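Asks: Provided below: protein-v3.tsv, containing TSV, C-alpha atoms.
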```tsv
chain	number	residue	atom	x	y	z
A	1	MET	CA	-0.41	69.51	-51.11
A	2	THR	CA	1.31	67.42	-48.50
A	3	ALA	CA	0.77	64.38	-46.37
A	4	GLY	CA	2.15	63.80	-42.90
A	5	ARG	CA	1.58	62.20	-39.55
A	6	SER	CA	-1.72	62.92	-37.93
A	7	GLY	CA	-1.78	66.02	-35.74
A	8	THR	CA	-4.75	65.31	-33.49
A	9	GLN	CA	-5.56	65.41	-29.82
A	10	THR	CA	-7.67	62.68	-28.29
A	11	GLY	CA	-9.96	63.09	-25.33
A	12	PRO	CA	-12.40	60.97	-23.31
A	13	GLY	CA	-15.08	60.48	-24.17
A	14	PRO	CA	-19.91	51.77	-45.15
A	15	ASP	CA	-20.49	49.28	-47.52
A	16	ARG	CA	-23.41	51.46	-48.71
A	17	ARG	CA	-24.51	49.32	-51.59
A	18	ARG	CA	-24.76	46.20	-49.46
A	19	PHE	CA	-26.99	47.67	-46.77
A	20	LEU	CA	-29.17	49.50	-49.30
A	21	ARG	CA	-29.76	46.19	-51.09
A	22	THR	CA	-30.79	44.72	-47.72
A	23	VAL	CA	-33.21	47.58	-47.11
A	24	ALA	CA	-34.55	47.35	-50.66
A	25	ALA	CA	-35.36	43.67	-50.19
A	26	SER	CA	-37.02	44.36	-46.86
A	27	VAL	CA	-39.16	47.22	-48.19
A	28	ALA	CA	-40.10	45.28	-51.31
A	29	ALA	CA	-41.27	42.36	-49.20
A	30	THR	CA	-43.32	44.66	-47.00
A	31	THR	CA	-45.03	46.57	-49.79
A	32	GLY	CA	-45.53	43.40	-51.79
A	33	ALA	CA	-47.53	41.96	-48.92
A	34	GLY	CA	-49.80	44.99	-48.97
A	35	LEU	CA	-48.57	46.31	-45.60
A	36	LEU	CA	-47.82	49.91	-44.70
A	37	THR	CA	-44.21	51.04	-44.55
A	38	ALA	CA	-42.95	53.19	-41.68
A	39	ALA	CA	-43.54	56.34	-43.71
A	40	ASP	CA	-47.05	55.20	-44.69
A	41	ALA	CA	-48.08	54.79	-41.09
A	42	ALA	CA	-46.81	58.17	-39.89
A	43	PRO	CA	-49.84	60.22	-41.03
A	44	ALA	CA	-52.17	57.87	-39.13
A	45	ARG	CA	-50.16	58.44	-35.97
A	46	ALA	CA	-50.60	62.18	-36.45
A	47	GLY	CA	-54.36	61.75	-36.59
A	48	HIS	CA	-54.78	61.57	-40.36
A	49	ARG	CA	-56.11	58.68	-42.39
A	50	ALA	CA	-53.23	56.63	-43.77
A	51	VAL	CA	-53.25	56.01	-47.50
A	52	ARG	CA	-51.72	52.79	-48.83
A	53	ARG	CA	-48.99	53.34	-51.35
A	54	PRO	CA	-49.21	51.65	-54.71
A	55	HIS	CA	-46.76	48.87	-55.42
A	56	GLY	CA	-43.48	50.36	-56.62
A	57	THR	CA	-43.36	53.30	-54.19
A	58	ARG	CA	-40.32	53.51	-51.92
A	59	PRO	CA	-39.71	55.52	-48.72
A	60	LEU	CA	-37.54	58.64	-48.53
A	61	PHE	CA	-36.40	60.65	-45.50
A	62	LEU	CA	-35.66	64.38	-45.41
A	63	GLY	CA	-33.34	66.20	-43.02
A	64	THR	CA	-34.04	69.82	-42.10
A	65	TYR	CA	-33.52	72.50	-39.47
A	66	THR	CA	-36.20	72.82	-36.80
A	67	SER	CA	-34.72	75.93	-35.17
A	68	LYS	CA	-34.61	78.12	-38.30
A	69	GLU	CA	-37.36	80.15	-39.87
A	70	GLY	CA	-38.83	78.20	-42.76
A	71	GLY	CA	-37.52	74.92	-41.38
A	72	GLY	CA	-39.44	71.78	-40.60
A	73	THR	CA	-40.82	70.26	-37.41
A	74	GLY	CA	-38.84	67.02	-37.59
A	75	ILE	CA	-37.57	64.42	-40.02
A	76	GLY	CA	-39.68	64.56	-43.16
A	77	LEU	CA	-41.25	61.40	-44.58
A	78	ALA	CA	-42.08	60.90	-48.24
A	79	GLY	CA	-42.42	58.24	-50.88
A	80	TYR	CA	-41.09	58.22	-54.43
A	81	ASP	CA	-42.56	56.42	-57.40
A	82	THR	CA	-39.94	54.04	-58.80
A	83	VAL	CA	-41.34	54.48	-62.32
A	84	THR	CA	-41.78	58.26	-62.50
A	85	GLY	CA	-39.60	59.55	-59.63
A	86	GLN	CA	-42.55	61.61	-58.35
A	87	LEU	CA	-42.47	62.41	-54.62
A	88	THR	CA	-45.42	62.37	-52.22
A	89	ALA	CA	-45.34	63.62	-48.62
A	90	THR	CA	-46.41	61.06	-46.01
A	91	GLY	CA	-45.69	62.63	-42.63
A	92	VAL	CA	-43.12	63.89	-40.15
A	93	VAL	CA	-41.18	62.29	-37.29
A	94	PRO	CA	-41.08	64.87	-34.48
A	95	GLY	CA	-38.80	64.85	-31.47
A	96	VAL	CA	-35.43	65.34	-33.19
A	97	ALA	CA	-33.87	68.82	-33.05
A	98	ASP	CA	-32.20	70.13	-36.22
A	99	PRO	CA	-31.84	66.74	-37.96
A	100	SER	CA	-29.66	68.15	-40.75
A	101	TYR	CA	-28.00	64.86	-41.74
A	102	LEU	CA	-29.34	61.31	-41.81
A	103	ALA	CA	-27.82	57.86	-42.21
A	104	LEU	CA	-29.20	54.34	-42.32
A	105	GLY	CA	-27.81	51.43	-40.33
A	106	PRO	CA	-26.60	48.35	-42.26
A	107	SER	CA	-29.57	46.27	-41.12
A	108	GLY	CA	-32.03	48.81	-42.50
A	109	ARG	CA	-33.91	48.77	-39.18
A	110	THR	CA	-32.41	51.93	-37.69
A	111	LEU	CA	-32.11	55.54	-38.84
A	112	TYR	CA	-29.60	57.95	-37.32
A	113	ALA	CA	-29.75	61.76	-37.27
A	114	VAL	CA	-27.48	64.54	-36.09
A	115	ASP	CA	-28.90	67.18	-33.77
A	116	GLU	CA	-26.99	70.16	-35.23
A	117	GLN	CA	-27.10	72.41	-32.21
A	118	GLN	CA	-24.58	74.10	-29.90
A	119	GLN	CA	-24.86	71.14	-27.55
A	120	GLY	CA	-24.48	68.59	-30.32
A	121	ALA	CA	-26.08	65.17	-30.22
A	122	VAL	CA	-26.97	62.16	-32.33
A	123	THR	CA	-30.32	60.37	-32.26
A	124	ALA	CA	-31.26	56.80	-33.17
A	125	LEU	CA	-34.71	55.91	-34.53
A	126	ALA	CA	-36.16	52.43	-34.99
A	127	LEU	CA	-37.81	51.63	-38.34
A	128	PRO	CA	-40.24	48.82	-37.49
A	129	PRO	CA	-41.93	47.06	-40.43
A	130	GLY	CA	-45.46	48.36	-40.80
A	131	GLY	CA	-45.08	51.00	-38.11
A	132	PRO	CA	-43.92	54.61	-37.73
A	133	PRO	CA	-40.31	55.48	-36.90
A	134	THR	CA	-39.78	55.78	-33.16
A	135	VAL	CA	-37.02	57.57	-31.28
A	136	LEU	CA	-34.73	55.16	-29.40
A	137	GLY	CA	-32.67	57.80	-27.67
A	138	THR	CA	-30.18	60.63	-28.02
A	139	ARG	CA	-26.50	60.88	-27.04
A	140	SER	CA	-24.15	63.84	-26.77
A	141	THR	CA	-21.41	64.12	-29.40
A	142	GLY	CA	-19.24	66.11	-27.01
A	143	GLY	CA	-19.02	68.96	-29.49
A	144	ALA	CA	-20.94	71.74	-31.20
A	145	GLY	CA	-22.83	71.68	-34.49
A	146	PRO	CA	-22.57	68.05	-35.64
A	147	CYS	CA	-23.26	68.11	-39.38
A	148	HIS	CA	-22.43	64.59	-40.60
A	149	LEU	CA	-22.60	61.01	-39.42
A	150	SER	CA	-22.09	57.53	-40.80
A	151	VAL	CA	-22.35	53.97	-39.56
A	152	HIS	CA	-19.36	51.65	-39.70
A	153	PRO	CA	-20.06	48.66	-42.01
A	154	THR	CA	-20.02	46.31	-39.00
A	155	GLY	CA	-23.05	48.19	-37.67
A	156	ARG	CA	-21.38	48.44	-34.27
A	157	TRP	CA	-20.17	52.06	-34.32
A	158	LEU	CA	-21.68	55.43	-35.20
A	159	LEU	CA	-19.21	58.10	-36.34
A	160	SER	CA	-20.07	61.81	-36.26
A	161	ALA	CA	-18.38	65.11	-37.15
A	162	ASN	CA	-18.79	68.25	-35.01
A	163	TYR	CA	-18.43	71.20	-37.38
A	164	LEU	CA	-18.23	74.10	-34.93
A	165	SER	CA	-15.76	72.46	-32.55
A	166	GLY	CA	-13.70	70.63	-35.18
A	167	SER	CA	-13.95	67.21	-33.59
A	168	VAL	CA	-15.12	63.71	-34.43
A	169	ALA	CA	-16.90	61.29	-32.11
A	170	VAL	CA	-17.60	57.57	-31.83
A	171	HIS	CA	-20.67	55.94	-30.25
A	172	PRO	CA	-21.34	52.22	-29.80
A	173	VAL	CA	-24.46	50.76	-31.42
A	174	ASP	CA	-26.49	48.02	-29.79
A	175	ARG	CA	-26.59	45.33	-32.46
A	176	ALA	CA	-29.96	44.01	-31.29
A	177	THR	CA	-31.87	47.29	-31.09
A	178	GLY	CA	-29.76	49.87	-32.95
A	179	ALA	CA	-29.77	52.14	-29.88
A	180	LEU	CA	-26.70	54.23	-29.07
A	181	GLY	CA	-24.45	53.90	-26.05
A	182	GLU	CA	-22.32	56.55	-24.38
A	183	ARG	CA	-19.56	58.06	-26.50
A	184	THR	CA	-16.35	56.01	-26.55
A	185	ASP	CA	-14.07	58.57	-28.18
A	186	LEU	CA	-13.76	62.22	-29.09
A	187	VAL	CA	-10.87	63.55	-31.19
A	188	THR	CA	-10.24	67.25	-31.82
A	189	HIS	CA	-8.26	68.39	-34.86
A	190	THR	CA	-5.44	70.66	-33.67
A	191	ASP	CA	-2.74	70.36	-36.34
A	192	PRO	CA	-2.16	71.71	-38.94
A	193	PRO	CA	-3.41	75.23	-38.09
A	194	PRO	CA	-6.60	76.67	-39.62
A	195	GLY	CA	-6.57	77.83	-43.21
A	196	PRO	CA	-6.97	81.43	-44.45
A	197	GLY	CA	-10.11	83.09	-43.12
A	198	GLN	CA	-10.91	80.19	-40.76
A	199	ASP	CA	-11.26	80.59	-37.00
A	200	GLY	CA	-10.41	76.99	-36.21
A	201	PRO	CA	-10.98	73.39	-37.29
A	202	HIS	CA	-14.38	72.52	-38.79
A	203	ALA	CA	-14.95	68.79	-39.18
A	204	HIS	CA	-17.44	68.35	-42.01
A	205	GLN	CA	-17.55	64.63	-42.75
A	206	ILE	CA	-16.46	61.29	-41.32
A	207	VAL	CA	-16.68	58.10	-43.36
A	208	THR	CA	-15.27	54.56	-43.39
A	209	ALA	CA	-12.86	53.75	-46.23
A	210	PRO	CA	-13.51	50.77	-48.55
A	211	ASP	CA	-10.84	48.75	-46.70
A	212	ARG	CA	-13.12	48.96	-43.60
A	213	ARG	CA	-10.05	49.41	-41.39
A	214	HIS	CA	-9.62	53.14	-41.80
A	215	VAL	CA	-11.87	56.12	-41.12
A	216	LEU	CA	-11.41	59.44	-42.93
A	217	ALA	CA	-12.44	62.79	-41.46
A	218	VAL	CA	-12.69	65.82	-43.75
A	219	ASP	CA	-11.96	69.14	-42.02
A	220	LEU	CA	-12.90	72.33	-43.87
A	221	GLY	CA	-11.24	74.67	-41.37
A	222	ASN	CA	-7.83	72.97	-41.44
A	223	ASP	CA	-7.85	72.19	-45.19
A	224	THR	CA	-7.07	68.62	-44.17
A	225	VAL	CA	-8.32	65.05	-44.44
A	226	TYR	CA	-7.38	62.92	-41.42
A	227	THR	CA	-6.99	59.15	-41.57
A	228	TYR	CA	-7.61	57.05	-38.46
A	229	ARG	CA	-7.61	53.37	-37.68
A	230	LEU	CA	-10.79	52.45	-35.85
A	231	ASP	CA	-10.29	50.04	-32.98
A	232	THR	CA	-13.48	48.05	-33.51
A	233	GLY	CA	-13.17	46.45	-30.09
A	234	ALA	CA	-12.84	49.60	-28.01
A	235	GLY	CA	-14.42	52.20	-30.30
A	236	LYS	CA	-11.27	54.33	-30.37
A	237	LEU	CA	-9.82	56.32	-33.28
A	238	ARG	CA	-6.06	55.82	-33.65
A	239	PRO	CA	-4.38	58.61	-35.67
A	240	SER	CA	-2.66	57.25	-38.78
A	241	SER	CA	-1.88	60.06	-41.25
A	242	TYR	CA	-3.26	63.23	-42.73
A	243	ALA	CA	-3.37	64.86	-46.16
A	244	THR	CA	-3.37	68.65	-46.46
A	245	LEU	CA	-5.00	70.51	-49.34
A	246	ARG	CA	-3.79	73.88	-50.60
A	247	PRO	CA	-4.51	76.74	-48.16
A	248	GLY	CA	-8.07	78.01	-48.47
A	249	ALA	CA	-9.43	74.96	-50.30
A	250	GLY	CA	-12.07	74.25	-47.67
A	251	PRO	CA	-12.63	70.49	-48.22
A	252	ARG	CA	-16.21	69.53	-47.47
A	253	HIS	CA	-17.16	66.11	-48.80
A	254	LEU	CA	-15.29	63.04	-50.04
A	255	THR	CA	-16.53	59.98	-51.89
A	256	PHE	CA	-14.71	56.87	-53.12
A	257	HIS	CA	-14.50	55.36	-56.58
A	258	PRO	CA	-15.84	51.76	-56.62
A	259	SER	CA	-12.28	50.46	-57.02
A	260	GLY	CA	-11.40	51.89	-53.61
A	261	SER	CA	-8.10	53.21	-54.97
A	262	PHE	CA	-9.31	56.74	-55.68
A	263	ALA	CA	-11.44	59.30	-53.89
A	264	TYR	CA	-12.95	62.60	-55.05
A	265	LEU	CA	-12.99	65.63	-52.80
A	266	ALA	CA	-15.35	68.60	-53.13
A	267	ASN	CA	-13.74	71.83	-51.89
A	268	GLU	CA	-16.32	74.34	-50.71
A	269	VAL	CA	-14.22	77.47	-50.33
A	270	ASP	CA	-12.09	77.55	-53.50
A	271	ASN	CA	-14.78	75.95	-55.72
A	272	THR	CA	-12.72	72.98	-56.94
A	273	VAL	CA	-12.65	69.20	-56.93
A	274	VAL	CA	-9.58	67.06	-56.34
A	275	VAL	CA	-8.86	63.48	-57.37
A	276	CYS	CA	-7.01	61.68	-54.56
A	277	ARG	CA	-5.15	58.39	-54.61
A	278	TYR	CA	-5.97	56.13	-51.70
A	279	ASP	CA	-3.64	53.39	-50.46
A	280	LEU	CA	-5.78	50.46	-49.35
A	281	GLY	CA	-2.99	49.12	-47.15
A	282	SER	CA	-1.88	52.18	-45.22
A	283	GLY	CA	-4.99	54.34	-45.51
A	284	ARG	CA	-2.87	57.22	-46.81
A	285	LEU	CA	-4.68	59.74	-49.02
A	286	THR	CA	-2.66	61.63	-51.65
A	287	PRO	CA	-4.47	64.62	-53.23
A	288	GLY	CA	-3.85	65.61	-56.82
A	289	ALA	CA	-4.22	69.02	-58.46
A	290	PRO	CA	-7.44	71.05	-58.02
A	291	GLN	CA	-9.85	70.94	-60.95
A	292	PRO	CA	-12.64	73.31	-62.04
A	293	THR	CA	-16.31	72.67	-61.31
A	294	GLY	CA	-17.52	74.25	-64.55
A	295	THR	CA	-19.39	76.99	-62.69
A	296	GLY	CA	-17.28	79.87	-63.99
A	297	PRO	CA	-16.06	82.93	-62.08
A	298	GLY	CA	-19.26	83.56	-60.10
A	299	THR	CA	-19.91	82.57	-56.50
A	300	SER	CA	-20.40	78.86	-56.07
A	301	TYR	CA	-19.90	76.49	-53.16
A	302	PRO	CA	-19.52	72.80	-54.02
A	303	ALA	CA	-21.48	70.71	-51.55
A	304	GLN	CA	-21.26	67.04	-52.37
A	305	ILE	CA	-19.96	64.66	-54.99
A	306	LEU	CA	-21.37	61.26	-56.01
A	307	VAL	CA	-19.93	58.49	-58.18
A	308	THR	CA	-22.03	55.95	-60.03
A	309	ARG	CA	-21.81	52.29	-59.12
A	310	ASN	CA	-20.27	51.44	-62.48
A	311	GLY	CA	-17.54	53.99	-61.81
A	312	ARG	CA	-18.11	55.85	-65.09
A	313	PHE	CA	-19.62	59.18	-63.97
A	314	ALA	CA	-19.48	61.63	-61.08
A	315	PHE	CA	-21.95	64.37	-60.15
A	316	LEU	CA	-21.22	67.47	-58.06
A	317	ALA	CA	-23.82	69.72	-56.39
A	318	ASN	CA	-23.02	73.44	-56.65
A	319	ARG	CA	-24.69	75.86	-54.24
A	320	GLY	CA	-24.98	79.43	-55.53
A	321	HIS	CA	-24.50	78.38	-59.15
A	322	ASN	CA	-27.43	76.04	-58.46
A	323	SER	CA	-26.28	73.31	-60.77
A	324	LEU	CA	-25.07	69.74	-60.98
A	325	THR	CA	-21.69	69.26	-62.64
A	326	ARG	CA	-21.23	66.08	-64.68
A	327	TYR	CA	-17.84	64.42	-64.95
A	328	ALA	CA	-16.73	61.41	-66.93
A	329	VAL	CA	-14.54	59.17	-64.78
A	330	GLU	CA	-11.57	57.88	-66.77
A	331	ALA	CA	-8.32	55.92	-66.39
A	332	GLY	CA	-9.85	53.47	-63.93
A	333	GLY	CA	-10.85	56.28	-61.57
A	334	ALA	CA	-7.63	58.32	-61.77
A	335	ARG	CA	-9.10	61.14	-63.85
A	336	LEU	CA	-12.22	63.31	-63.90
A	337	ARG	CA	-13.15	64.92	-67.22
A	338	LEU	CA	-15.57	67.84	-67.00
A	339	LEU	CA	-18.60	67.32	-69.25
A	340	ASP	CA	-21.04	70.11	-68.41
A	341	THR	CA	-23.32	71.59	-65.76
A	342	VAL	CA	-27.07	71.00	-65.50
A	343	PRO	CA	-29.46	73.45	-63.74
A	344	VAL	CA	-30.66	71.81	-60.54
A	345	GLY	CA	-34.07	73.47	-60.66
A	346	GLY	CA	-33.82	74.86	-57.12
A	347	ASP	CA	-31.82	77.18	-54.90
A	348	PHE	CA	-28.77	76.03	-52.92
A	349	PRO	CA	-28.52	72.25	-53.50
A	350	ARG	CA	-27.14	71.23	-50.10
A	351	HIS	CA	-27.24	67.45	-50.57
A	352	ILE	CA	-27.70	64.92	-53.37
A	353	ALA	CA	-28.33	61.19	-53.27
A	354	PHE	CA	-28.99	58.28	-55.61
A	355	SER	CA	-31.88	55.87	-55.22
A	356	PRO	CA	-30.50	52.38	-54.41
A	357	ASP	CA	-30.82	51.31	-58.06
A	358	GLU	CA	-29.25	54.63	-59.18
A	359	ARG	CA	-32.15	55.23	-61.53
A	360	TRP	CA	-32.92	58.53	-59.77
A	361	LEU	CA	-30.85	61.37	-58.35
A	362	PHE	CA	-32.47	63.54	-55.68
A	363	ALA	CA	-31.29	67.08	-54.80
A	364	ALA	CA	-32.26	68.78	-51.54
A	365	ASN	CA	-32.42	72.54	-52.27
A	366	GLN	CA	-32.16	74.36	-48.96
A	367	LYS	CA	-33.12	77.93	-49.85
A	368	SER	CA	-35.96	77.19	-52.28
A	369	GLY	CA	-37.55	74.62	-49.95
A	370	SER	CA	-37.66	71.98	-52.63
A	371	VAL	CA	-36.41	68.58	-53.73
A	372	THR	CA	-35.74	68.06	-57.43
A	373	VAL	CA	-35.48	64.66	-59.06
A	374	PHE	CA	-33.51	63.55	-62.11
A	375	ALA	CA	-33.53	60.34	-64.10
A	376	VAL	CA	-29.97	59.06	-64.48
A	377	ASP	CA	-28.83	57.38	-67.68
A	378	ALA	CA	-26.26	54.84	-66.49
A	379	ARG	CA	-24.74	54.41	-69.95
A	380	ARG	CA	-24.36	58.05	-70.96
A	381	GLY	CA	-24.41	59.81	-67.59
A	382	THR	CA	-27.13	62.22	-68.68
A	383	LEU	CA	-29.61	63.76	-66.23
A	384	THR	CA	-33.26	64.32	-67.16
A	385	SER	CA	-35.64	66.25	-64.94
A	386	ALA	CA	-38.44	64.07	-63.56
A	387	GLY	CA	-40.89	66.95	-63.27
A	388	ALA	CA	-41.82	69.86	-61.02
A	389	PRO	CA	-39.94	70.36	-57.74
A	390	PHE	CA	-41.35	68.77	-54.60
A	391	ALA	CA	-42.03	71.31	-51.82
A	392	ALA	CA	-40.38	70.57	-48.47
A	393	PRO	CA	-39.47	72.83	-45.51
A	394	MET	CA	-35.75	73.69	-45.80
A	395	PRO	CA	-34.49	70.30	-46.98
A	396	VAL	CA	-30.77	69.89	-46.31
A	397	CYS	CA	-30.48	66.11	-46.58
A	398	VAL	CA	-32.32	63.53	-48.68
A	399	LEU	CA	-32.15	59.79	-48.01
A	400	PRO	CA	-34.06	57.54	-50.45
A	401	LEU	CA	-34.40	53.84	-49.61
```
Rewrite the structure of this file - the entire thing - as structure tokens.

Replies:
Amino acid sequence: MTAGRSGTQTGPGPDRRRFLRTVAASVAATTGAGLLTAADAAPARAGHRAVRRPHGTRPLFLGTYTSKEGGGTGIGLAGYDTVTGQLTATGVVPGVADPSYLALGPSGRTLYAVDEQQQGAVTALALPPGGPPTVLGTRSTGGAGPCHLSVHPTGRWLLSANYLSGSVAVHPVDRATGALGERTDLVTHTDPPPGPGQDGPHAHQIVTAPDRRHVLAVDLGNDTVYTYRLDTGAGKLRPSSYATLRPGAGPRHLTFHPSGSFAYLANEVDNTVVVCRYDLGSGRLTPGAPQPTGTGPGTSYPAQILVTRNGRFAFLANRGHNSLTRYAVEAGGARLRLLDTVPVGGDFPRHIAFSPDERWLFAANQKSGSVTVFAVDARRGTLTSAGAPFAAPMPVCVLPL
């Protein structure tokens, strides 16, 4: 595994815990006053009688595919009981094509979705208190098949990754409304060359590092993680460095340890995870040796990895093996120790997410059309099923607030 100068070609063109605490306070105030949340109001807009949620129910959004058989008709709306973890459907937001990945703005007033189509786009939706989500507008990403997006912690820039064209894009965000402006940058990954069996670069994730100065883009096709400096005045990505995984690793998703000095990378193709050192000054990522996922010799495709807020445990979603791997995080974040795997209770867990208080872990199971919920023991890192799976049309992303 090597690191070098960034090989990219430019063209025209989050502090998660903090903003989730902001949203949590906003939602709690709204439900405490006996008002409907955005998800509560959606069924009424569709012509159904709205039912008030009991105190202690929080909203949850579901990404899906609208162009595939068995998919949904838009962004799914649900609520989860904060005491039991039970999910209840509350409606759908139509008007967004193939919203396969979702992200919340730092203010908690805007939701963003990719439109994972050949002519890729990103869509902004307003989340007004007491009203249904409304589409603010859609902008082209300049690439094909956008599969991931994130909002810079300043709230001023939306970052997106175009999987099919191997590029990453930047859009400005109106700070007053959350609406998106025209794209300010588009960067295509051209170097190093594609890995074994790959036809080109495939950008799979783009996320802001804990130092807030650097942006990391994970490319499955090039077996590479690119580091950029984001010019927060112009919305431009300045190449800084890149880290290359072993050929055929297929890196898919990266997440940081709370210390900011380490990151964990899920490799989809070779079914491994890698602990990476991250230099907070330079933004340079240094991958370590690949580690097993605990899924054995069968077919399994790691999808996403999460780390608990206390930095003690990590959880990996395994598609095919249909499990969640548990790791103990040791040595201040420098080491992952495999504990075991837990059946996810569904088929093809594409995405996992914690509730803001990390009491619950939600898994979106694409092929079984279900969301499964687990209670998380913060002290021991154990996962306990919260009950029967929740039926949802082809869920590929789950975003609890």

Asks: Could you work out how far CA of Val225 in chain A lies from CA of Leu265 in chain A, giving the answer in Å with one decimal?

Replies: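 Those two atoms sit 9.6 Å apart.
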
Asks: Would you mind reading off the distance between CA of Ser140 in chain A and CA of Val187 in chain A, one decimal, in Å?

Replies: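 About the pair CA of Ser140 in chain A and CA of Val187 in chain A: they are 14.0 Å apart.
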
Asks: In terms of the shortest atom-to-atom distance over all atoms listed in the file, which of A:Val151, A:Ala386, A:Ile305, A:Ala331 is closest to Ala353 in chain A?

Replies: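 That would be A:Ile305, the residue with the smallest distance to Ala353 in chain A.
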
Asks: Near Leu62 in chain A, counting only C-alpha atoms, which residues have an atom at most 12 Å away, once you skip same-chain residues fewer than 6 positions from it, shown as an mmCIF file with C-alpha atoms, keeping the file's coordinate frame?

Replies:
```
data_model
loop_
_atom_site.group_PDB
_atom_site.id
_atom_site.type_symbol
_atom_site.label_atom_id
_atom_site.label_comp_id
_atom_site.auth_asym_id
_atom_site.auth_seq_id
_atom_site.Cartn_x
_atom_site.Cartn_y
_atom_site.Cartn_z
ATOM 1 C CA ALA A 39 -43.540 56.340 -43.710
ATOM 2 C CA GLY A 71 -37.520 74.920 -41.380
ATOM 3 C CA GLY A 72 -39.440 71.780 -40.600
ATOM 4 C CA THR A 73 -40.820 70.260 -37.410
ATOM 5 C CA GLY A 74 -38.840 67.020 -37.590
ATOM 6 C CA ILE A 75 -37.570 64.420 -40.020
ATOM 7 C CA GLY A 76 -39.680 64.560 -43.160
ATOM 8 C CA LEU A 77 -41.250 61.400 -44.580
ATOM 9 C CA ALA A 78 -42.080 60.900 -48.240
ATOM 10 C CA GLY A 79 -42.420 58.240 -50.880
ATOM 11 C CA LEU A 87 -42.470 62.410 -54.620
ATOM 12 C CA ALA A 89 -45.340 63.620 -48.620
ATOM 13 C CA THR A 90 -46.410 61.060 -46.010
ATOM 14 C CA GLY A 91 -45.690 62.630 -42.630
ATOM 15 C CA VAL A 92 -43.120 63.890 -40.150
ATOM 16 C CA VAL A 93 -41.180 62.290 -37.290
ATOM 17 C CA ASP A 98 -32.200 70.130 -36.220
ATOM 18 C CA PRO A 99 -31.840 66.740 -37.960
ATOM 19 C CA SER A 100 -29.660 68.150 -40.750
ATOM 20 C CA TYR A 101 -28.000 64.860 -41.740
ATOM 21 C CA LEU A 102 -29.340 61.310 -41.810
ATOM 22 C CA ALA A 103 -27.820 57.860 -42.210
ATOM 23 C CA LEU A 111 -32.110 55.540 -38.840
ATOM 24 C CA TYR A 112 -29.600 57.950 -37.320
ATOM 25 C CA ALA A 113 -29.750 61.760 -37.270
ATOM 26 C CA ARG A 350 -27.140 71.230 -50.100
ATOM 27 C CA HIS A 351 -27.240 67.450 -50.570
ATOM 28 C CA ILE A 352 -27.700 64.920 -53.370
ATOM 29 C CA ALA A 353 -28.330 61.190 -53.270
ATOM 30 C CA PHE A 362 -32.470 63.540 -55.680
ATOM 31 C CA ALA A 363 -31.290 67.080 -54.800
ATOM 32 C CA ALA A 364 -32.260 68.780 -51.540
ATOM 33 C CA ASN A 365 -32.420 72.540 -52.270
ATOM 34 C CA GLN A 366 -32.160 74.360 -48.960
ATOM 35 C CA GLY A 369 -37.550 74.620 -49.950
ATOM 36 C CA SER A 370 -37.660 71.980 -52.630
ATOM 37 C CA VAL A 371 -36.410 68.580 -53.730
ATOM 38 C CA PHE A 390 -41.350 68.770 -54.600
ATOM 39 C CA ALA A 391 -42.030 71.310 -51.820
ATOM 40 C CA ALA A 392 -40.380 70.570 -48.470
ATOM 41 C CA PRO A 393 -39.470 72.830 -45.510
ATOM 42 C CA MET A 394 -35.750 73.690 -45.800
ATOM 43 C CA PRO A 395 -34.490 70.300 -46.980
ATOM 44 C CA VAL A 396 -30.770 69.890 -46.310
ATOM 45 C CA CYS A 397 -30.480 66.110 -46.580
ATOM 46 C CA VAL A 398 -32.320 63.530 -48.680
ATOM 47 C CA LEU A 399 -32.150 59.790 -48.010
ATOM 48 C CA PRO A 400 -34.060 57.540 -50.450
ATOM 49 C CA LEU A 401 -34.400 53.840 -49.610
#
```

Asks: I'd like the interatomic distance between CA of Gly248 in chain A and CA of Gly197 in chain A, to a tenth of an Å.

Replies: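 Interatomic distance here is 7.7 Å.
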
Asks: Which of these residues is nearest to Asp211 in chain A, using only C-alpha atoms: A:Asp115, A:Asp185, A:Glu69, A:Asp279?

Replies: A:Asp279

Asks: Using only C-alpha atoms, which of A:Asn318, A:Gly233, A:Pro193, A:Asn310 sits nearest Thr272 in chain A?

Replies: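 So, comparing all the options, the nearest one is A:Asn318.
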
Asks: Excluding range 166-179 of chain A and any residue of its chain fewer than 3 positions from it, enumerate the residues within 7 Å of it, using all atoms listed in the file, and give them as a short mmCIF file (atom, residue, chain, number, x, y, z; two decimals) with C-alpha atoms, keeping the file's coordinate frame.

Replies:
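Here's the written file result_39.cif:
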```
data_model
loop_
_atom_site.label_atom_id
_atom_site.label_comp_id
_atom_site.auth_asym_id
_atom_site.auth_seq_id
_atom_site.Cartn_x
_atom_site.Cartn_y
_atom_site.Cartn_z
CA THR A 110 -32.41 51.93 -37.69
CA ALA A 124 -31.26 56.80 -33.17
CA LEU A 136 -34.73 55.16 -29.40
CA GLY A 137 -32.67 57.80 -27.67
CA THR A 141 -21.41 64.12 -29.40
CA GLY A 143 -19.02 68.96 -29.49
CA GLY A 155 -23.05 48.19 -37.67
CA ARG A 156 -21.38 48.44 -34.27
CA TRP A 157 -20.17 52.06 -34.32
CA LEU A 158 -21.68 55.43 -35.20
CA LEU A 159 -19.21 58.10 -36.34
CA SER A 160 -20.07 61.81 -36.26
CA ALA A 161 -18.38 65.11 -37.15
CA ASN A 162 -18.79 68.25 -35.01
CA TYR A 163 -18.43 71.20 -37.38
CA GLU A 182 -22.32 56.55 -24.38
CA ARG A 183 -19.56 58.06 -26.50
CA THR A 184 -16.35 56.01 -26.55
CA ASP A 185 -14.07 58.57 -28.18
CA LEU A 186 -13.76 62.22 -29.09
CA VAL A 187 -10.87 63.55 -31.19
CA THR A 188 -10.24 67.25 -31.82
CA HIS A 189 -8.26 68.39 -34.86
CA PRO A 201 -10.98 73.39 -37.29
CA HIS A 202 -14.38 72.52 -38.79
CA ALA A 203 -14.95 68.79 -39.18
CA GLY A 235 -14.42 52.20 -30.30
#
```
